[in-house]
Amino acid sequence: MNRSLCILLALLAGPAAMTARSQQADSALAPSSSLTIRTGNDTAWVILDSVRQGRTPLTLDSLRGGRHILQLVQTDISSWLTGTIRDTVWLNPGEGRTLRYTFDRRVLVVTNPSGAVIFMGDSAVGTTPHVLVSGTGGFPSSVTVERKGYARTVIPLPPGSSGIARAELQKIWQSEASDTPLMSETGSSDRIGTRLFVAGGVTVAAGVAAAYFKIKADGKNALYQDTGDPSFQSETRRLDTSAAIALLVTEVGFAFFSYYLLSD
């Protein structure tokens with residue numbers, strides 16, 4: 001009885017084993033794909049499928065065909081103005097492809113005092129302190145800021161790179177003289193100290209949250225890659241969105257922290 005059962009199981013398993021071996025052979029025979037990544041004048045770390053591969057310009061050979069998750073991070077990761085690009089790349093077996101990416105240029109515009117309206121040409125784009133993002137249109141060589149009671153000021157922008165553009169606004173002369181600004185120096189210093197503490201706390205807390213959500217997202221993405229369960233993909237997107245929001249809060253918090261620190 002046992003011998004007959006073993007023979008029957010062997011016969012049933014035979015086709016499945018042959019199919020598995022055939023699929024493995026097909027996978028081994030499939031030609032490798034290659035991917036070349038360029039980022040213009042910028043240098044960026046290349047992270048493919050959660051593994052850091054090197055810095056651009058970079059060519060990756062011996063890639064399998066199919067879906068790949070690509071992330072580019074500018075090498076100056078210590079700067080809060082660092083840009084990140086995420087993309088999904090599909091490669092056919094044997095395909096060689098070159099991808100070119102351009103990072104947004106970011107410039108923090110700060111004035112002393114703050115609250116000045118920033119103009120690009122005739123369009124108001126924000127109030128200082130404010131981060132300008134170039135997008136595809138790029139930046140002009142300078143912006144103009146206006147604040148009631150202060151002279152209109154032109155601020156040059158850093159040429160061809162991200163950075164910080166600062167300006168000291170000149171108060172328009174008024175006939176009445178007053179010692180009030182001298183008397184209120186202590187109160188103003190206290191207010192700046194409180195703002196520095198709050199901005200620093202928000203920046204640190206948001207940064208920790210961004211790192212936590214990103215680590216969780218990478219874990220869910222790995223589970224999705226292993227299992228193909230769409231629920232893990234949905235969870236990955238939700239966590240990535242939370243990480244992006246936390247990172248944006250970190251950037252804004254750091255911008256305010258930098259401004260209050262410089263104005264102090």
# chains A, B, ... in the order shown; residues from 1 in each chain; ligands from 1
>>> select_by_dssp(residues="region 79-115 of chain A", states="strand (DSSP E or B)", output="PyMOL selection string")
chain A and resi 84-91+96-100+106-112
>>> residues_around(residues="Ser32 (chain A)", least_positions_apart="5", cutoff="8 Å", atoms="only C-alpha atoms", output="ChimeraX atom specification")
/A:61-65,93-95
>>> closest_residue(among="A:Thr128, A:Asn221, A:Asn92, A:Thr75", to="Val110 (chain A)", atoms="only C-alpha atoms")
A:Thr128
>>> select_by_dssp(residues="region 40-248 of chain A", states="helix (DSSP H, G or I)", output="ChimeraX atom specification")
/A:180-183,185-227,230-248
>>> closest_residue(among="A:Arg86, A:Arg238, A:Arg67, A:Arg106", to="Leu157 (chain A)", atoms="only C-alpha atoms")
A:Arg106
